[in-house]
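Enquirer: Pasting my_file.tsv here (TSV, C-alpha atoms):
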chain	number	residue	atom	x	y	z
P	1	LEU	CA	1.74	-17.65	-5.40
P	2	TYR	CA	0.80	-14.74	-7.66
P	3	PHE	CA	2.86	-12.34	-5.56
P	4	THR	CA	5.97	-14.50	-5.45
P	5	GLU	CA	5.80	-16.01	-8.94
P	6	GLN	CA	4.52	-13.13	-11.06
P	7	LEU	CA	5.30	-9.79	-9.46
P	8	LYS	CA	8.64	-8.14	-10.15
P	9	ILE	CA	9.90	-4.88	-8.67
P	10	ARG	CA	12.64	-2.43	-9.51
P	11	THR	CA	15.02	-2.50	-6.54
P	12	LYS	CA	16.91	0.42	-5.00
P	13	ALA	CA	20.01	-0.95	-6.74
P	14	GLY	CA	18.26	-0.57	-10.10
P	15	THR	CA	17.77	-4.28	-10.75
P	16	ILE	CA	14.59	-6.26	-11.40
P	17	ALA	CA	13.79	-8.81	-8.71
P	18	PRO	CA	10.81	-10.87	-7.49
P	19	LEU	CA	8.56	-9.26	-4.91
P	20	ASN	CA	9.52	-10.94	-1.64
P	21	LEU	CA	7.22	-9.73	1.09
P	22	TRP	CA	8.77	-8.06	4.13
P	23	PRO	CA	7.74	-8.97	7.70
P	24	CYS	CA	5.77	-5.70	7.77
P	25	GLN	CA	3.74	-6.76	4.71
P	26	LYS	CA	2.98	-10.40	5.53
P	27	PRO	CA	0.46	-9.67	8.34
P	28	GLY	CA	-1.49	-7.49	5.89
P	29	LEU	CA	-1.61	-10.29	3.34
P	30	ASP	CA	-2.76	-12.77	5.98
P	31	LEU	CA	-5.48	-10.40	7.19
P	32	MET	CA	-6.77	-9.69	3.68
P	33	MET	CA	-6.85	-13.38	2.82
P	34	GLU	CA	-8.81	-14.07	6.01
P	35	GLN	CA	-11.24	-11.28	5.17
P	36	TYR	CA	-11.59	-12.52	1.60
P	37	ARG	CA	-12.39	-16.04	2.78
P	38	LYS	CA	-14.99	-14.79	5.25
P	39	THR	CA	-16.66	-11.99	3.26
P	40	GLY	CA	-15.65	-12.48	-0.36
P	41	MET	CA	-14.31	-8.90	-0.44
P	42	ILE	CA	-11.22	-6.99	0.68
P	43	ARG	CA	-11.76	-3.78	2.63
P	44	LEU	CA	-8.61	-2.70	4.47
P	45	VAL	CA	-7.54	0.39	6.41
P	46	ALA	CA	-3.80	0.40	7.19
P	47	LEU	CA	-2.10	2.82	9.57
P	48	LYS	CA	1.60	2.41	8.90
P	49	ALA	CA	5.10	3.68	9.34
P	50	ARG	CA	6.69	5.37	6.35
P	51	GLN	CA	8.47	3.35	3.67
P	52	THR	CA	7.00	0.00	4.68
P	53	GLY	CA	6.22	-0.98	1.09
P	54	TYR	CA	2.44	-0.92	1.46
P	55	SER	CA	1.88	0.89	-1.83
P	56	THR	CA	3.98	-1.72	-3.65
P	57	PHE	CA	2.03	-4.38	-1.78
P	58	ALA	CA	-1.36	-2.79	-2.59
P	59	GLU	CA	-0.49	-2.48	-6.28
P	60	GLY	CA	0.06	-6.23	-6.29
P	61	PHE	CA	-3.61	-6.68	-5.40
P	62	MET	CA	-4.62	-4.03	-7.92
P	63	SER	CA	-2.70	-5.77	-10.70
P	64	TRP	CA	-4.21	-9.12	-9.75
P	65	SER	CA	-7.71	-7.64	-9.87
P	66	VAL	CA	-7.43	-5.61	-13.07
P	67	MET	CA	-4.84	-7.51	-15.13
P	68	LEU	CA	-6.28	-10.99	-14.59
P	69	ASN	CA	-10.04	-10.38	-14.58
P	70	GLU	CA	-12.51	-9.29	-17.23
P	71	HIS	CA	-14.50	-6.05	-17.12
P	72	THR	CA	-12.75	-4.70	-14.04
P	73	ASN	CA	-12.23	-0.99	-13.47
P	74	GLY	CA	-9.52	-0.09	-10.98
P	75	LEU	CA	-8.57	3.27	-9.49
P	76	ILE	CA	-5.37	4.22	-7.66
P	77	VAL	CA	-5.26	7.65	-6.03
P	78	ALA	CA	-2.08	9.11	-4.54
P	79	HIS	CA	-1.85	12.26	-2.45
P	80	ASP	CA	0.23	14.11	-5.07
P	81	VAL	CA	1.33	13.87	-8.72
P	82	PRO	CA	4.93	12.62	-8.15
P	83	THR	CA	3.64	9.77	-5.99
P	84	ALA	CA	0.99	8.92	-8.59
P	85	GLU	CA	3.78	8.67	-11.17
P	86	THR	CA	5.72	6.36	-8.86
P	87	LEU	CA	2.69	4.09	-8.40
P	88	PHE	CA	2.19	4.05	-12.16
P	89	GLY	CA	5.79	2.86	-12.51
P	90	ILE	CA	5.20	0.03	-10.04
P	91	CYS	CA	2.15	-1.15	-11.98
P	92	LYS	CA	4.00	-0.86	-15.29
P	93	THR	CA	6.84	-3.01	-13.97
P	94	TYR	CA	4.35	-5.62	-12.79
P	95	TYR	CA	2.79	-5.71	-16.25
P	96	ASP	CA	6.04	-5.62	-18.23
P	97	TYR	CA	7.51	-8.63	-16.41
P	98	MET	CA	4.35	-10.71	-16.14
P	99	ASP	CA	4.56	-14.23	-17.56
P	100	PRO	CA	3.43	-14.18	-21.21
P	101	SER	CA	1.04	-17.06	-20.56
P	102	ILE	CA	-1.20	-14.85	-18.38
P	103	LYS	CA	-0.20	-11.36	-19.53
P	104	PRO	CA	-3.25	-9.56	-20.93
P	105	VAL	CA	-3.18	-7.69	-24.22
P	106	LYS	CA	-2.97	-3.94	-23.81
P	107	ARG	CA	-4.70	-1.43	-26.05
P	108	TYR	CA	-2.65	1.45	-24.65
P	109	GLY	CA	-0.91	2.72	-21.56
P	110	THR	CA	-0.40	6.36	-20.76
P	111	LYS	CA	1.12	7.94	-17.64
P	112	ARG	CA	-2.23	7.68	-15.91
P	113	GLU	CA	-4.13	4.84	-17.51
P	114	PHE	CA	-3.87	1.23	-18.70
P	115	VAL	CA	-6.56	-0.20	-20.97
P	116	PHE	CA	-6.47	-3.98	-21.33
P	117	GLU	CA	-8.23	-4.57	-24.63
P	118	ASN	CA	-7.21	-5.88	-28.03
P	119	PRO	CA	-5.25	-3.05	-29.72
P	120	SER	CA	-6.60	-4.03	-33.14
P	121	ASP	CA	-9.86	-2.36	-34.15
P	122	THR	CA	-10.38	-5.16	-36.67
P	123	LEU	CA	-9.84	-8.07	-34.28
P	124	ARG	CA	-11.37	-6.54	-31.17
P	125	PRO	CA	-15.00	-7.58	-31.92
P	126	GLN	CA	-13.99	-11.27	-32.12
P	127	ASN	CA	-11.21	-11.15	-29.51
P	128	PRO	CA	-11.86	-8.17	-27.24
P	129	GLY	CA	-9.35	-8.93	-24.49
P	130	LEU	CA	-10.17	-8.36	-20.84
P	131	GLY	CA	-12.04	-5.11	-21.29
P	132	SER	CA	-10.48	-3.88	-18.02
P	133	LYS	CA	-9.01	-0.51	-17.12
P	134	LEU	CA	-6.68	0.86	-14.44
P	135	ILE	CA	-6.47	4.60	-13.74
P	136	ILE	CA	-3.70	6.12	-11.61
P	137	THR	CA	-4.20	9.73	-10.54
P	138	SER	CA	-3.66	12.22	-7.72
P	139	ALA	CA	-6.07	13.43	-5.05
P	140	ASN	CA	-6.65	16.79	-6.72
P	141	ASN	CA	-7.75	15.01	-9.90
P	142	MET	CA	-9.59	11.99	-8.51
P	143	ALA	CA	-12.84	12.99	-10.23
P	144	SER	CA	-11.31	11.74	-13.48
P	145	GLY	CA	-11.56	8.17	-12.20
P	146	ILE	CA	-15.15	8.44	-11.02
P	147	GLY	CA	-18.19	7.92	-13.20
P	148	ARG	CA	-17.80	4.21	-13.74
P	149	THR	CA	-18.37	1.19	-11.52
P	150	LEU	CA	-15.18	0.33	-9.68
P	151	ARG	CA	-14.11	-3.12	-8.54
P	152	ALA	CA	-10.65	-2.26	-7.18
P	153	VAL	CA	-9.51	0.89	-5.35
P	154	HIS	CA	-6.26	1.88	-3.66
P	155	LEU	CA	-6.04	5.19	-1.81
P	156	SER	CA	-2.43	5.95	-0.89
P	157	GLU	CA	-1.40	8.31	1.96
P	158	LEU	CA	-5.04	9.08	2.54
P	159	ALA	CA	-4.41	11.36	5.52
P	160	ARG	CA	-2.53	13.73	3.20
P	161	PHE	CA	-5.48	14.26	0.86
P	162	GLY	CA	-6.58	17.87	0.91
P	163	SER	CA	-10.27	16.94	0.88
P	164	HIS	CA	-12.20	13.72	1.35
P	165	GLU	CA	-15.43	14.83	-0.29
P	166	GLY	CA	-14.47	13.12	-3.53
P	167	ILE	CA	-14.05	9.83	-1.69
P	168	ILE	CA	-17.32	10.01	0.19
P	169	ASP	CA	-19.37	11.41	-2.70
P	170	GLY	CA	-17.61	9.75	-5.61
P	171	ILE	CA	-15.39	6.75	-4.95
P	172	PHE	CA	-17.37	4.99	-2.24
P	173	PRO	CA	-20.65	5.05	-4.21
P	174	ALA	CA	-18.81	3.85	-7.34
P	175	LEU	CA	-17.19	0.90	-5.56
P	176	ALA	CA	-19.32	-2.18	-6.06
P	177	ARG	CA	-20.15	-4.04	-2.85
P	178	LYS	CA	-19.75	-7.39	-4.59
P	179	PRO	CA	-17.62	-10.52	-4.15
P	180	GLY	CA	-14.09	-10.11	-5.48
P	181	THR	CA	-13.94	-6.34	-5.01
P	182	ILE	CA	-11.05	-4.58	-3.28
P	183	CYS	CA	-10.51	-1.31	-1.43
P	184	ILE	CA	-7.20	-0.64	0.32
P	185	MET	CA	-6.75	2.65	2.19
P	186	GLU	CA	-3.35	3.26	3.75
P	187	SER	CA	-1.47	6.17	5.26
P	188	THR	CA	1.06	7.29	7.78
P	189	ALA	CA	-0.35	9.00	10.87
P	190	GLN	CA	-0.74	12.58	9.69
P	191	TYR	CA	-2.05	14.53	12.66
P	192	ALA	CA	-4.14	16.64	10.30
P	193	GLY	CA	-5.85	13.55	8.92
P	194	ASP	CA	-8.92	13.54	11.16
P	195	TRP	CA	-11.11	11.83	8.57
P	196	PHE	CA	-8.61	9.00	8.13
P	197	ARG	CA	-8.25	8.71	11.91
P	198	ASP	CA	-12.01	8.26	12.21
P	199	MET	CA	-11.88	5.61	9.47
P	200	TRP	CA	-9.18	3.51	11.12
P	201	GLU	CA	-10.70	3.83	14.58
P	202	LYS	CA	-14.01	2.56	13.22
P	203	ALA	CA	-12.25	-0.21	11.30
P	204	SER	CA	-10.30	-1.24	14.42
P	205	ARG	CA	-13.66	-1.86	16.10
P	206	ARG	CA	-14.84	-3.84	13.04
P	207	GLU	CA	-17.74	-1.47	12.53
P	208	GLY	CA	-18.78	-1.83	8.92
P	209	ASP	CA	-16.99	-3.56	6.05
P	210	TYR	CA	-13.45	-2.36	6.75
P	211	TRP	CA	-10.82	-4.22	8.74
P	212	PHE	CA	-7.83	-2.49	10.32
P	213	ILE	CA	-4.13	-3.24	10.49
P	214	PHE	CA	-1.37	-1.30	12.21
P	215	VAL	CA	2.15	-1.53	10.75
P	216	PRO	CA	4.82	-0.35	13.22
P	217	TRP	CA	8.23	0.79	12.01
P	218	PHE	CA	10.25	-1.98	13.65
P	219	LEU	CA	8.73	-4.62	11.33
P	220	GLN	CA	10.50	-2.92	8.41
P	221	PRO	CA	13.75	-4.92	8.07
P	222	GLU	CA	15.72	-1.94	6.73
P	223	TYR	CA	15.04	0.18	9.80
P	224	ARG	CA	18.19	-0.70	11.68
P	225	ILE	CA	21.72	0.69	11.95
P	226	PRO	CA	24.61	-1.76	12.49
P	227	LEU	CA	26.76	-1.24	15.54
P	228	PHE	CA	30.47	-0.57	15.14
P	229	PRO	CA	32.83	-3.40	16.17
P	230	GLY	CA	32.88	-3.44	19.96
P	231	GLU	CA	30.12	-0.81	20.26
P	232	ARG	CA	27.61	-1.27	23.08
P	233	LEU	CA	24.63	0.95	23.67
P	234	THR	CA	23.87	2.37	27.06
P	235	LEU	CA	20.08	2.41	27.07
P	236	THR	CA	18.01	5.22	28.49
P	237	ILE	CA	15.00	4.44	30.68
P	238	GLU	CA	12.74	5.06	27.68
P	239	GLU	CA	14.80	2.76	25.46
P	240	ARG	CA	14.78	-0.03	28.06
P	241	HIS	CA	11.00	0.24	28.18
P	242	LEU	CA	10.79	0.01	24.37
P	243	VAL	CA	13.09	-3.02	24.29
P	244	GLU	CA	10.95	-4.78	26.87
P	245	GLN	CA	7.66	-3.89	25.23
P	246	TYR	CA	8.55	-4.35	21.54
P	247	HIS	CA	11.57	-6.67	21.73
P	248	LEU	CA	13.83	-4.30	19.81
P	249	ASP	CA	17.36	-5.45	19.11
P	250	PRO	CA	20.42	-3.13	19.46
P	251	GLU	CA	20.46	-2.20	15.76
P	252	GLN	CA	16.82	-1.14	15.96
P	253	VAL	CA	17.48	0.88	19.10
P	254	LYS	CA	20.33	2.64	17.34
P	255	PHE	CA	18.06	3.42	14.40
P	256	PHE	CA	15.39	4.76	16.76
P	257	ARG	CA	17.93	6.95	18.54
P	258	MET	CA	19.64	8.31	15.42
P	259	GLU	CA	16.49	8.84	13.34
P	260	ARG	CA	14.70	10.70	16.13
P	261	GLU	CA	17.74	12.91	16.63
P	262	ASN	CA	17.97	13.62	12.90
P	263	THR	CA	14.24	14.39	12.68
P	264	GLY	CA	14.53	16.93	15.50
P	265	ASN	CA	10.79	16.84	16.17
P	266	ASP	CA	9.24	14.16	18.37
P	267	MET	CA	5.76	14.68	16.92
P	268	LEU	CA	7.02	14.29	13.35
P	269	PHE	CA	9.10	11.28	14.32
P	270	THR	CA	6.11	9.56	15.98
P	271	GLN	CA	4.03	10.32	12.90
P	272	ASN	CA	6.54	8.67	10.56
P	273	TYR	CA	7.70	5.88	12.87
P	274	PRO	CA	4.81	4.85	15.11
P	275	PHE	CA	4.98	2.01	17.64
If you took the structure in this file and wrote it as structure tokens, what would it be?
Expert:
Amino acid sequence: LYFTEQLKIRTKAGTIAPLNLWPCQKPGLDLMMEQYRKTGMIRLVALKARQTGYSTFAEGFMSWSVMLNEHTNGLIVAHDVPTAETLFGICKTYYDYMDPSIKPVKRYGTKREFVFENPSDTLRPQNPGLGSKLIITSANNMASGIGRTLRAVHLSELARFGSHEGIIDGIFPALARKPGTICIMESTAQYAGDWFRDMWEKASRREGDYWFIFVPWFLQPEYRIPLFPGERLTLTIEERHLVEQYHLDPEQVKFFRMERENTGNDMLFTQNYPF
């Protein structure tokens, strides 16, 4: 209910609308809720196609954790600065349009940090507010979010991080292994991301705390190209196999065909649009 009733997003058309989960996001929500019921924590590794809305989805969990709970430190790390700024904007929209009855007071919000405390130095001792904090940064500056106990972490496009030492040495030790804590790691399938590959392979075998989900491109409802009136596709052998195996419809086949041709590189296409 929190996702559908409280979270608002800025659409591609520039309007504000409720967050309605896509078919590619709903399995992730179901898996995390199952994990939360069984373990009391959320530890997710997601291997996904590009533009499936998993960062928007993950920030919903981050906002729930940090903006509704006391004394909660959250950290969001993107692979680069522009993406970190985008994720900040998503969180800001969630906060700005939250129902006033549950919206926490905010001491300040910069381009990289929200502090949910009473902004009044005089009133803060009697009415401190949540005392929670959310930091949004990039991989080359992730040390700025370490040094405090973390209860919520989102690592976005993890395979694109230049180094993972800061995660292993800094973020993982700072993340409390306690009920109610969250860690979501998601990425497209960068071939250079050996560390992330090892993480999702281990998670797929349920070795350790982390659970794994794979998000193929054809679950993204926008990944389709309408056929012209009267147009019929003549399928290749490969395309017939894909239709049989993944139940693709003609509009999805047309998207697959056109996008792969436009990409011009089968390896890059497979990386961005995995089956």
Enquirer: In Å, how far is it from atom CA of P:Pro274 to atom CA of P:Asp30?
Expert: 21.2 Å
Enquirer: With all atoms listed in the file as the basis for distance, which of P:Arg177, P:Glu70, P:Ala143, P:Gly166 is at the shortest distance from P:Pro128?
Expert: P:Glu70
Enquirer: Quick one: residues within 12 Å of P:Thr11, only C-alpha atoms counted, chain neighbours fewer than 5 positions away excluded, as a list in words?
Expert: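 Selected residues are Ile16, Ala17, Pro18, Leu19, Asn20, Gly53, Thr56, Ile90 and Thr93 of chain P.
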Enquirer: Determine, counting all atoms listed in the file, which protein, DNA and RNA residues have an atom within 10 Å of an atom of stretch 107-115 of chain P; residues of the same chain fewer than 4 positions away are not included. Present the result as JSON, numbers by chain.
Expert: {"P": [66, 67, 73, 74, 75, 76, 84, 85, 87, 88, 89, 91, 92, 95, 119, 120, 121, 124, 128, 129, 130, 131, 132, 133, 134, 135, 136, 137, 138, 145]}
Enquirer: With 5 Å of padding per side, what axis-aligned box (centre and edge lengths, Å, one decimal) covers all the listed atoms of stretch 165-171 of chain P? Give it as JSON.
Expert:
{"center_x": -16.7, "center_y": 10.8, "center_z": -2.7, "size_x": 15.3, "size_y": 18.1, "size_z": 15.8}
Enquirer: Can you tell me how far atom CA of P:Leu47 sits from atom CA of P:Ile168, in Å to one decimal?
Expert: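 A separation of 19.3 Å between them.
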Enquirer: Quick one: distance from atom CA of P:Leu1 to atom CA of P:Met32 in Å, one decimal?
Expert: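 Rounded to one decimal, the two atoms are 14.8 Å apart.
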Enquirer: Each residue of stretch 48-146 of chain P with at least one atom at most 6 Å from stretch 199-222 of chain P should appear once, together with its nearest atom pair and the corresponding distance in Å (one decimal); atoms considered: only C-alpha atoms; ordering: chain, then increasing residue number; output as a Markdown table.
Expert:
| residue | atom | partner | partner_atom | distance |
| --- | --- | --- | --- | --- |
| P:Lys48 | CA | P:Val215 | CA | 4.4 |
| P:Ala49 | CA | P:Trp217 | CA | 5.0 |
| P:Thr52 | CA | P:Gln220 | CA | 5.9 |
Enquirer: Go through P:Phe255, P:Phe161, P:Trp22, P:Tyr246 one by one, measure the shortest atom-to-atom distance of each to P:Phe275 using all atoms listed in the file, and give the residue with the smallest value.
Expert: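 Nearest to P:Phe275: P:Tyr246.
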Enquirer: Counting only C-alpha atoms, which residues come within 12 Å of (8.7, -2.0, 24.0), with the point read in the file's coordinates, and could you list them as a compact mmCIF listing (two decimals) with C-alpha atoms, in the frame of the given file?
Expert:
# COMPACT_ATOMS: atom_id res chain seq x y z
CA PRO P 216 4.82 -0.35 13.22
CA PHE P 218 10.25 -1.98 13.65
CA ILE P 237 15.00 4.44 30.68
CA GLU P 238 12.74 5.06 27.68
CA GLU P 239 14.80 2.76 25.46
CA ARG P 240 14.78 -0.03 28.06
CA HIS P 241 11.00 0.24 28.18
CA LEU P 242 10.79 0.01 24.37
CA VAL P 243 13.09 -3.02 24.29
CA GLU P 244 10.95 -4.78 26.87
CA GLN P 245 7.66 -3.89 25.23
CA TYR P 246 8.55 -4.35 21.54
CA HIS P 247 11.57 -6.67 21.73
CA LEU P 248 13.83 -4.30 19.81
CA ASP P 249 17.36 -5.45 19.11
CA GLN P 252 16.82 -1.14 15.96
CA VAL P 253 17.48 0.88 19.10
CA PHE P 256 15.39 4.76 16.76
CA PRO P 274 4.81 4.85 15.11
CA PHE P 275 4.98 2.01 17.64
